[in-house]
Amino acid sequence: HDVCGFTFDAIAPLIDRAPAAARQLAVQARRAAGTLETGTADAGHRHLVIAAFLAASREPDATALLHMLDPGVVLRADTATVAMGCAAEVRGAASVAETFRGRAQVARLALIDGVPGLVWAPGGSPRVIFEFGFHYGMIAAIHLTADVEQLQVMDIALLRTA
């Protein structure tokens, strides 16, 4: 079995779990997928999908990314992230997948105010956080924040290097 084209052996180190534990999280996520509403995906499911998203976004082919994105996914960036060169808004799975395809080489898994997400933290200092919204178990929203004042008030815990 796999998640979005990635084997449990490949995902397990990203989420700091044994392959069997990663497999169990996926089973639980699949059972719940039919009833998950926006924002109600449990932390284990979020962590697993975000780890798979990170791994997929490092690949040159966007196919795996497309499998985990809701067709209506929206990527939004704050003004500080836009000033760094990101588009303010990107809509649709194909466009969002293309935005991330092959580009998250230095992003890391993190807990942001206790919720799984990603962070770009060169030298260990958070510069951009990636917060995710879910709809029926798929990524439906990604919000990028680089505003220094906002980052300073967030509890950002970097997880093991992925």
# chains A, B, ... in the order shown; residues from 1 in each chain; ligands from 1
call {"tool": "residues_around", "arguments": {"residues": "A:Thr79", "least_positions_apart": "2", "cutoff": "10 Å", "atoms": "only C-alpha atoms", "output": "compact mmCIF listing (two decimals) with all heavy atoms, in the first residue's frame"}}
result
# COMPACT_ATOMS: atom_id res chain seq x y z
N ARG A 76 -2.80 30.88 -0.90
CA ARG A 76 -2.79 32.32 -0.65
C ARG A 76 -1.50 32.68 0.08
O ARG A 76 -1.05 31.96 0.96
CB ARG A 76 -3.98 32.74 0.18
CG ARG A 76 -5.28 32.66 -0.59
CD ARG A 76 -6.43 33.34 0.16
NE ARG A 76 -7.62 33.33 -0.65
CZ ARG A 76 -8.56 32.39 -0.59
NH1 ARG A 76 -8.46 31.39 0.25
NH2 ARG A 76 -9.64 32.47 -1.37
N ALA A 77 -0.93 33.83 -0.29
CA ALA A 77 0.29 34.30 0.34
C ALA A 77 0.06 35.69 0.92
O ALA A 77 -0.63 36.51 0.32
CB ALA A 77 1.40 34.35 -0.70
N THR A 81 5.18 37.47 1.86
CA THR A 81 5.55 36.36 0.98
C THR A 81 5.50 36.80 -0.48
O THR A 81 6.36 36.42 -1.28
CB THR A 81 4.62 35.14 1.22
OG1 THR A 81 4.57 34.86 2.62
CG2 THR A 81 5.14 33.91 0.50
N VAL A 82 4.50 37.61 -0.82
CA VAL A 82 4.41 38.15 -2.19
C VAL A 82 5.64 38.99 -2.49
O VAL A 82 6.21 38.91 -3.59
CB VAL A 82 3.10 38.96 -2.38
CG1 VAL A 82 3.10 39.69 -3.71
CG2 VAL A 82 1.89 38.04 -2.27
N ALA A 83 6.11 39.76 -1.53
CA ALA A 83 7.31 40.59 -1.72
C ALA A 83 8.54 39.73 -1.98
O ALA A 83 9.50 40.18 -2.60
CB ALA A 83 7.53 41.49 -0.51
N MET A 84 8.49 38.46 -1.55
CA MET A 84 9.61 37.53 -1.78
C MET A 84 9.50 36.87 -3.16
O MET A 84 10.38 36.09 -3.52
CB MET A 84 9.61 36.46 -0.68
CG MET A 84 9.87 37.01 0.70
SD MET A 84 9.56 35.78 2.00
CE MET A 84 11.08 34.86 1.94
N GLY A 85 8.41 37.14 -3.90
CA GLY A 85 8.28 36.61 -5.25
C GLY A 85 7.18 35.61 -5.46
O GLY A 85 7.03 35.08 -6.56
N CYS A 86 6.39 35.34 -4.45
CA CYS A 86 5.28 34.39 -4.58
C CYS A 86 4.04 35.10 -5.11
O CYS A 86 3.82 36.28 -4.82
CB CYS A 86 4.98 33.77 -3.22
SG CYS A 86 3.74 32.47 -3.26
N ALA A 87 3.23 34.37 -5.86
CA ALA A 87 1.95 34.92 -6.31
C ALA A 87 1.04 35.10 -5.10
O ALA A 87 1.07 34.30 -4.16
CB ALA A 87 1.29 34.00 -7.33
N ALA A 88 0.21 36.12 -5.11
CA ALA A 88 -0.71 36.38 -4.00
C ALA A 88 -1.75 35.28 -3.87
O ALA A 88 -2.16 34.92 -2.76
CB ALA A 88 -1.39 37.73 -4.17
N LEU A 144 0.51 30.86 3.02
CA LEU A 144 1.91 31.16 3.27
C LEU A 144 2.02 32.48 4.04
O LEU A 144 1.43 33.48 3.65
CB LEU A 144 2.68 31.29 1.95
CG LEU A 144 2.57 30.12 0.99
CD1 LEU A 144 3.35 30.40 -0.28
CD2 LEU A 144 3.03 28.83 1.64
N THR A 145 2.77 32.45 5.13
CA THR A 145 2.96 33.64 5.94
C THR A 145 4.45 33.89 6.14
O THR A 145 5.18 33.00 6.58
CB THR A 145 2.30 33.48 7.33
OG1 THR A 145 0.91 33.21 7.15
CG2 THR A 145 2.48 34.73 8.18
N ALA A 146 4.89 35.11 5.81
CA ALA A 146 6.28 35.50 6.02
C ALA A 146 6.37 36.78 6.85
O ALA A 146 7.47 37.25 7.14
CB ALA A 146 6.98 35.71 4.67
N ASP A 147 5.24 37.34 7.26
CA ASP A 147 5.23 38.57 8.06
C ASP A 147 5.98 38.31 9.37
O ASP A 147 5.59 37.46 10.17
CB ASP A 147 3.79 39.00 8.34
CG ASP A 147 3.75 40.26 9.16
OD1 ASP A 147 3.80 41.35 8.57
OD2 ASP A 147 3.66 40.15 10.41
call {"tool": "residues_around", "arguments": {"residues": "stretch 112-125 of chain A", "least_positions_apart": "6", "cutoff": "7 Å", "atoms": "only C-alpha atoms", "output": "short mmCIF file (atom, residue, chain, number, x, y, z; two decimals) with C-alpha atoms, in the first residue's frame"}}
result
data_model
loop_
_atom_site.label_atom_id
_atom_site.label_comp_id
_atom_site.auth_asym_id
_atom_site.auth_seq_id
_atom_site.Cartn_x
_atom_site.Cartn_y
_atom_site.Cartn_z
CA ALA A 43 -3.39 15.69 13.51
CA ARG A 46 -2.71 16.02 8.57
CA HIS A 47 0.86 15.08 9.44
CA ILE A 50 1.68 17.08 4.72
CA VAL A 106 14.60 23.11 1.99
CA GLU A 131 -0.51 26.28 6.93
CA PHE A 132 -2.90 23.76 5.42
CA MET A 154 3.52 31.84 16.56
CA ASP A 155 4.74 28.73 18.35
CA ILE A 156 6.83 27.09 15.60
CA ALA A 157 8.48 23.76 16.39
#
call {"tool": "residues_around", "arguments": {"residues": "A:Ile142", "least_positions_apart": "3", "cutoff": "12 Å", "atoms": "only C-alpha atoms", "output": "PyMOL selection string"}}
result
chain A and resi 50+53+69-70+72-78+88-93+96-97+99-100+117-118+129-135+138-139+145
call {"tool": "atom_distance", "arguments": {"atom1": "atom CA of A:Ala52", "atom2": "atom CA of A:Arg127"}}
result
21.7 Å
